[in-house]
Amino acid sequence: MTSDVPAVSTRPTMPEDLPAIVALQARAFSPGRFARTAYRIREGAPDFSPYCRVALMGDRLIAAVRMTPITIAGRPGALLLGPLAVEPELAGRGYARRLVAEALDAGRAGGESLVLLVGDMAYYGRLGFTPVPPGRIMLPGPVDPARLLAAELETGALEKFRGMVAAHS
Ligand SMILES: CC(C)(COP(=O)(O)OP(=O)(O)OC[C@H]1O[C@@H](n2cnc3c(N)ncnc32)[C@H](O)[C@@H]1OP(=O)(O)O)[C@@H](O)C(=O)NCCC(=O)NCCS
């Protein structure tokens with residue numbers, strides 16, 4: 001069977017993707033997003049890391065996930081996932097799930113131990129994330145403890161991280 005819908009491919013983010021990613025995020029997120037605590041951490045980090053990924057439908061960028069290397073109480077080996085955005089008209093087709101799975105694989109292959117994010121357990125629980133025990137890891141600003149989630153890339157990794165998150169310089 002043939003289809004007119006171009007196949008979707010994924011790859012690591014490249015510098016020339018950044019304008020399309022910013023435009024995609026503006027369509028996918030509400031305007032209040034820049035006030036969120038996770039953005040304070042990303043502000044101090046480079047625009048992208050080798051673990052960031054995009055999905056393309058033909059030439060069109062339709063989904064992106066940013067992965068920011070962080071330290072927790074000075075300890076490296078962790079990544080902050082987000083923003084994760086999918087073109088609104090293409091939601092529900094598994095593109096976000098695929099990008100997150102690939103970003104976790106890339107982090108593991110790169111020797112990282114833990115991925116942290118602020119998001120919905122109802123969504124990210126299906127992608128391998130669990131709530132961080134309250135008080136274990138702090139962000140530089142208010143965060144609903146129920147939304148601070150982590151995925152171990154190495155068994156027992158969460159136990160090794162305690163304290164304040166900062167961008168990894
Ligand atoms: C959330 C988002 C990334 C999901 O992308 P996607 O490509 O549609 O996700 P997938 O196709 O992999 O998964 C879709 C499934 O997740 C569910 N889902 C989406 N958002 C959810 C949420 N907040 N809570 C629970 N389930 C959610 C969908 O209902 C769907 O369920 P189904 O598989 O049972 O039909 C996308 O909708 C988006 O960009 N939203 C706006 C930006 C945003 O909120 N990003 C997340 C920041 S933490």
# chains A, B, ... in the order shown; residues from 1 in each chain; ligands from 1
call {"tool": "residues_near_ligand", "arguments": {"ligand": "ligand 1", "cutoff": "6 Å", "atoms": "only C-alpha atoms and all ligand atoms", "output": "PyMOL selection string"}}
result
chain A and resi 28-29+83-86+91-97+119-120+122-123
call {"tool": "residues_around", "arguments": {"residues": "Pro140 (chain A)", "least_positions_apart": "3", "cutoff": "9 Å", "atoms": "only C-alpha atoms", "output": "count of residues only"}}
result
8
call {"tool": "residues_around", "arguments": {"residues": "region 72-76 of chain A", "least_positions_apart": "5", "cutoff": "10 Å", "atoms": "only C-alpha atoms", "output": "PDB file with N, CA and C atoms, in the first residue's frame"}}
result
ATOM      1  N   GLU A 112      25.468   8.572  30.744  1.00  0.00           N
ATOM      2  CA  GLU A 112      24.696   9.305  31.751  1.00  0.00           C
ATOM      3  C   GLU A 112      23.922   8.310  32.614  1.00  0.00           C
ATOM      4  N   SER A 113      23.567   8.705  33.835  1.00  0.00           N
ATOM      5  CA  SER A 113      22.926   7.774  34.777  1.00  0.00           C
ATOM      6  C   SER A 113      21.464   8.056  35.047  1.00  0.00           C
ATOM      7  N   LEU A 114      21.076   9.337  34.980  1.00  0.00           N
ATOM      8  CA  LEU A 114      19.727   9.713  35.440  1.00  0.00           C
ATOM      9  C   LEU A 114      19.147  10.780  34.527  1.00  0.00           C
ATOM     10  N   ILE A 137      15.655  15.781  45.633  1.00  0.00           N
ATOM     11  CA  ILE A 137      16.300  16.622  44.619  1.00  0.00           C
ATOM     12  C   ILE A 137      15.551  17.948  44.564  1.00  0.00           C
ATOM     13  N   MET A 138      16.298  19.057  44.593  1.00  0.00           N
ATOM     14  CA  MET A 138      15.688  20.381  44.588  1.00  0.00           C
ATOM     15  C   MET A 138      16.031  21.126  43.303  1.00  0.00           C
ATOM     16  N   LEU A 139      15.079  21.936  42.843  1.00  0.00           N
ATOM     17  CA  LEU A 139      15.311  22.819  41.707  1.00  0.00           C
ATOM     18  C   LEU A 139      15.359  24.255  42.212  1.00  0.00           C
ATOM     19  N   LYS A 160      21.971   7.812  44.155  1.00  0.00           N
ATOM     20  CA  LYS A 160      23.269   8.507  44.201  1.00  0.00           C
ATOM     21  C   LYS A 160      23.127  10.023  44.108  1.00  0.00           C
ATOM     22  N   PHE A 161      21.923  10.498  43.772  1.00  0.00           N
ATOM     23  CA  PHE A 161      21.754  11.934  43.549  1.00  0.00           C
ATOM     24  C   PHE A 161      20.866  12.538  44.616  1.00  0.00           C
ATOM     25  N   ARG A 162      21.384  13.542  45.295  1.00  0.00           N
ATOM     26  CA  ARG A 162      20.641  14.287  46.311  1.00  0.00           C
ATOM     27  C   ARG A 162      21.092  15.725  46.263  1.00  0.00           C
ATOM     28  N   GLY A 163      20.129  16.662  46.298  1.00  0.00           N
ATOM     29  CA  GLY A 163      20.510  18.060  46.406  1.00  0.00           C
ATOM     30  C   GLY A 163      20.005  18.916  45.277  1.00  0.00           C
ATOM     31  N   MET A 164      20.671  20.052  45.101  1.00  0.00           N
ATOM     32  CA  MET A 164      20.205  21.103  44.195  1.00  0.00           C
ATOM     33  C   MET A 164      20.701  20.897  42.763  1.00  0.00           C
ATOM     34  N   VAL A 165      19.783  21.082  41.832  1.00  0.00           N
ATOM     35  CA  VAL A 165      20.085  20.947  40.405  1.00  0.00           C
ATOM     36  C   VAL A 165      20.649  22.261  39.855  1.00  0.00           C
ATOM     37  N   ALA A 166      21.638  22.136  38.982  1.00  0.00           N
ATOM     38  CA  ALA A 166      22.162  23.296  38.247  1.00  0.00           C
ATOM     39  C   ALA A 166      22.558  22.834  36.850  1.00  0.00           C
ATOM     40  N   ALA A 167      22.608  23.769  35.905  1.00  0.00           N
ATOM     41  CA  ALA A 167      23.095  23.428  34.575  1.00  0.00           C
ATOM     42  C   ALA A 167      24.551  22.999  34.699  1.00  0.00           C
ATOM     43  N   HIS A 168      24.943  22.004  33.931  1.00  0.00           N
ATOM     44  CA  HIS A 168      26.325  21.512  33.945  1.00  0.00           C
ATOM     45  C   HIS A 168      27.148  22.416  33.049  1.00  0.00           C
ATOM     46  N   SER A 169      28.080  23.172  33.635  1.00  0.00           N
ATOM     47  CA  SER A 169      28.848  24.121  32.811  1.00  0.00           C
ATOM     48  C   SER A 169      30.013  23.414  32.139  1.00  0.00           C
TER      49      SER A 169
END
call {"tool": "select_by_dssp", "arguments": {"residues": "region 8-159 of chain A", "states": "strand (DSSP E)", "output": "PyMOL selection string"}}
result
chain A and resi 8-12+53-57+60-72+75-86+114-118+130-131+137-138+148-152
call {"tool": "write_last_selection", "arguments": {"atoms": "C-alpha atoms", "output": "short mmCIF file (atom, residue, chain, number, x, y, z; two decimals), in the first residue's frame"}}
result
data_model
loop_
_atom_site.label_atom_id
_atom_site.label_comp_id
_atom_site.auth_asym_id
_atom_site.auth_seq_id
_atom_site.Cartn_x
_atom_site.Cartn_y
_atom_site.Cartn_z
CA VAL A 8 8.92 10.36 9.87
CA SER A 9 12.63 10.20 10.64
CA THR A 10 14.50 11.21 13.76
CA ARG A 11 18.04 12.41 14.39
CA PRO A 12 20.12 14.44 16.85
CA ARG A 53 16.58 14.97 19.20
CA VAL A 54 14.13 16.06 16.54
CA ALA A 55 11.57 14.26 14.38
CA LEU A 56 11.08 15.26 10.76
CA MET A 57 8.22 14.55 8.38
CA ARG A 60 9.40 19.57 8.20
CA LEU A 61 10.40 19.55 11.86
CA ILE A 62 7.39 18.12 13.74
CA ALA A 63 8.71 17.22 17.20
CA ALA A 64 11.66 18.02 19.41
CA VAL A 65 13.03 17.11 22.79
CA ARG A 66 15.75 19.02 24.61
CA MET A 67 18.09 17.25 27.00
CA THR A 68 20.22 19.51 29.21
CA PRO A 69 23.22 18.12 31.09
CA ILE A 70 22.86 19.04 34.76
CA THR A 71 24.64 18.54 38.03
CA ILE A 72 22.86 17.60 41.26
CA ARG A 75 27.55 15.67 40.79
CA PRO A 76 27.48 15.22 36.97
CA GLY A 77 25.85 12.32 35.11
CA ALA A 78 22.26 13.57 34.93
CA LEU A 79 20.12 15.16 32.23
CA LEU A 80 17.06 17.41 32.43
CA LEU A 81 14.45 16.42 29.82
CA GLY A 82 12.34 19.16 28.27
CA PRO A 83 10.84 20.94 26.58
CA LEU A 84 9.17 18.08 24.71
CA ALA A 85 6.90 19.35 21.96
CA VAL A 86 5.00 17.78 19.10
CA LEU A 114 19.73 9.71 35.44
CA VAL A 115 17.12 11.74 33.54
CA LEU A 116 15.05 14.27 35.48
CA LEU A 117 12.00 16.24 34.35
CA VAL A 118 9.07 18.29 35.59
CA THR A 130 8.73 7.60 38.48
CA PRO A 131 8.28 10.35 41.09
CA ILE A 137 16.30 16.62 44.62
CA MET A 138 15.69 20.38 44.59
CA LEU A 148 9.37 15.98 39.69
CA LEU A 149 10.05 12.69 37.89
CA ALA A 150 13.14 10.65 37.11
CA ALA A 151 14.17 7.72 34.93
CA GLU A 152 17.23 5.70 35.87
#
call {"tool": "atom_distance", "arguments": {"atom1": "CA of Val100 (chain A)", "atom2": "CA of Glu159 (chain A)"}}
result
22.4 Å
call {"tool": "select_by_dssp", "arguments": {"residues": "region 31-97 of chain A", "states": "alpha helix (DSSP H)", "output": "PyMOL selection string"}}
result
chain A and resi 37-43+95-97
call {"tool": "closest_residue", "arguments": {"among": "A:Gly107, A:Met121, A:Thr13, A:Arg36", "to": "Phe48 (chain A)", "atoms": "only C-alpha atoms"}}
result
A:Thr13
call {"tool": "atom_distance", "arguments": {"atom1": "CA of Asp17 (chain A)", "atom2": "CA of Leu99 (chain A)"}}
result
15.3 Å
call {"tool": "decode", "arguments": {"residues": "region 69-97 of chain A", "atoms": "N, CA and C atoms", "output": "PDB file, in the first residue's frame"}}
result
ATOM      1  N   PRO A  69      22.367  18.687  30.041  1.00  0.00           N
ATOM      2  CA  PRO A  69      23.222  18.124  31.090  1.00  0.00           C
ATOM      3  C   PRO A  69      23.157  18.979  32.361  1.00  0.00           C
ATOM      4  N   ILE A  70      22.962  18.326  33.473  1.00  0.00           N
ATOM      5  CA  ILE A  70      22.858  19.040  34.757  1.00  0.00           C
ATOM      6  C   ILE A  70      23.783  18.384  35.781  1.00  0.00           C
ATOM      7  N   THR A  71      24.008  19.130  36.853  1.00  0.00           N
ATOM      8  CA  THR A  71      24.637  18.539  38.032  1.00  0.00           C
ATOM      9  C   THR A  71      23.605  18.560  39.154  1.00  0.00           C
ATOM     10  N   ILE A  72      23.728  17.622  40.083  1.00  0.00           N
ATOM     11  CA  ILE A  72      22.860  17.596  41.260  1.00  0.00           C
ATOM     12  C   ILE A  72      23.793  17.603  42.465  1.00  0.00           C
ATOM     13  N   ALA A  73      23.737  18.715  43.220  1.00  0.00           N
ATOM     14  CA  ALA A  73      24.711  18.972  44.292  1.00  0.00           C
ATOM     15  C   ALA A  73      26.136  18.804  43.753  1.00  0.00           C
ATOM     16  N   GLY A  74      26.349  19.291  42.548  1.00  0.00           N
ATOM     17  CA  GLY A  74      27.685  19.281  41.945  1.00  0.00           C
ATOM     18  C   GLY A  74      28.046  17.986  41.241  1.00  0.00           C
ATOM     19  N   ARG A  75      27.226  16.978  41.385  1.00  0.00           N
ATOM     20  CA  ARG A  75      27.552  15.671  40.792  1.00  0.00           C
ATOM     21  C   ARG A  75      27.053  15.617  39.347  1.00  0.00           C
ATOM     22  N   PRO A  76      27.923  15.334  38.365  1.00  0.00           N
ATOM     23  CA  PRO A  76      27.477  15.224  36.971  1.00  0.00           C
ATOM     24  C   PRO A  76      26.860  13.843  36.709  1.00  0.00           C
ATOM     25  N   GLY A  77      26.394  13.625  35.478  1.00  0.00           N
ATOM     26  CA  GLY A  77      25.853  12.317  35.107  1.00  0.00           C
ATOM     27  C   GLY A  77      24.339  12.307  34.987  1.00  0.00           C
ATOM     28  N   ALA A  78      23.719  13.496  35.045  1.00  0.00           N
ATOM     29  CA  ALA A  78      22.262  13.572  34.932  1.00  0.00           C
ATOM     30  C   ALA A  78      21.872  14.538  33.816  1.00  0.00           C
ATOM     31  N   LEU A  79      20.663  14.327  33.299  1.00  0.00           N
ATOM     32  CA  LEU A  79      20.124  15.159  32.229  1.00  0.00           C
ATOM     33  C   LEU A  79      18.748  15.659  32.639  1.00  0.00           C
ATOM     34  N   LEU A  80      18.414  16.885  32.232  1.00  0.00           N
ATOM     35  CA  LEU A  80      17.064  17.414  32.428  1.00  0.00           C
ATOM     36  C   LEU A  80      16.343  17.320  31.090  1.00  0.00           C
ATOM     37  N   LEU A  81      15.220  16.584  31.061  1.00  0.00           N
ATOM     38  CA  LEU A  81      14.451  16.425  29.823  1.00  0.00           C
ATOM     39  C   LEU A  81      13.421  17.540  29.721  1.00  0.00           C
ATOM     40  N   GLY A  82      13.368  18.179  28.564  1.00  0.00           N
ATOM     41  CA  GLY A  82      12.340  19.159  28.272  1.00  0.00           C
ATOM     42  C   GLY A  82      12.940  20.433  27.688  1.00  0.00           C
ATOM     43  N   PRO A  83      12.204  21.216  26.978  1.00  0.00           N
ATOM     44  CA  PRO A  83      10.836  20.939  26.581  1.00  0.00           C
ATOM     45  C   PRO A  83      10.722  19.751  25.610  1.00  0.00           C
ATOM     46  N   LEU A  84       9.549  19.106  25.676  1.00  0.00           N
ATOM     47  CA  LEU A  84       9.172  18.080  24.707  1.00  0.00           C
ATOM     48  C   LEU A  84       7.945  18.628  23.989  1.00  0.00           C
ATOM     49  N   ALA A  85       8.026  18.754  22.699  1.00  0.00           N
ATOM     50  CA  ALA A  85       6.902  19.349  21.962  1.00  0.00           C
ATOM     51  C   ALA A  85       6.676  18.611  20.658  1.00  0.00           C
ATOM     52  N   VAL A  86       5.404  18.423  20.356  1.00  0.00           N
ATOM     53  CA  VAL A  86       5.000  17.781  19.103  1.00  0.00           C
ATOM     54  C   VAL A  86       4.044  18.735  18.396  1.00  0.00           C
ATOM     55  N   GLU A  87       4.142  18.820  17.092  1.00  0.00           N
ATOM     56  CA  GLU A  87       3.225  19.638  16.295  1.00  0.00           C
ATOM     57  C   GLU A  87       1.792  19.272  16.695  1.00  0.00           C
ATOM     58  N   PRO A  88       0.988  20.259  17.175  1.00  0.00           N
ATOM     59  CA  PRO A  88      -0.331  19.919  17.730  1.00  0.00           C
ATOM     60  C   PRO A  88      -1.194  19.065  16.804  1.00  0.00           C
ATOM     61  N   GLU A  89      -1.165  19.330  15.524  1.00  0.00           N
ATOM     62  CA  GLU A  89      -2.037  18.560  14.613  1.00  0.00           C
ATOM     63  C   GLU A  89      -1.550  17.111  14.442  1.00  0.00           C
ATOM     64  N   LEU A  90      -0.345  16.819  14.922  1.00  0.00           N
ATOM     65  CA  LEU A  90       0.210  15.469  14.771  1.00  0.00           C
ATOM     66  C   LEU A  90       0.348  14.754  16.118  1.00  0.00           C
ATOM     67  N   ALA A  91      -0.367  15.248  17.136  1.00  0.00           N
ATOM     68  CA  ALA A  91      -0.305  14.615  18.452  1.00  0.00           C
ATOM     69  C   ALA A  91      -0.985  13.250  18.419  1.00  0.00           C
ATOM     70  N   GLY A  92      -0.586  12.385  19.343  1.00  0.00           N
ATOM     71  CA  GLY A  92      -1.242  11.096  19.509  1.00  0.00           C
ATOM     72  C   GLY A  92      -0.794  10.024  18.534  1.00  0.00           C
ATOM     73  N   ARG A  93       0.308  10.270  17.840  1.00  0.00           N
ATOM     74  CA  ARG A  93       0.806   9.264  16.881  1.00  0.00           C
ATOM     75  C   ARG A  93       2.084   8.582  17.368  1.00  0.00           C
ATOM     76  N   GLY A  94       2.448   8.857  18.610  1.00  0.00           N
ATOM     77  CA  GLY A  94       3.613   8.178  19.178  1.00  0.00           C
ATOM     78  C   GLY A  94       4.939   8.866  18.906  1.00  0.00           C
ATOM     79  N   TYR A  95       4.918  10.074  18.325  1.00  0.00           N
ATOM     80  CA  TYR A  95       6.200  10.734  18.006  1.00  0.00           C
ATOM     81  C   TYR A  95       6.947  11.146  19.278  1.00  0.00           C
ATOM     82  N   ALA A  96       6.193  11.631  20.281  1.00  0.00           N
ATOM     83  CA  ALA A  96       6.869  12.034  21.521  1.00  0.00           C
ATOM     84  C   ALA A  96       7.458  10.815  22.228  1.00  0.00           C
ATOM     85  N   ARG A  97       6.681   9.747  22.284  1.00  0.00           N
ATOM     86  CA  ARG A  97       7.169   8.524  22.931  1.00  0.00           C
ATOM     87  C   ARG A  97       8.462   8.047  22.265  1.00  0.00           C
TER      88      ARG A  97
END
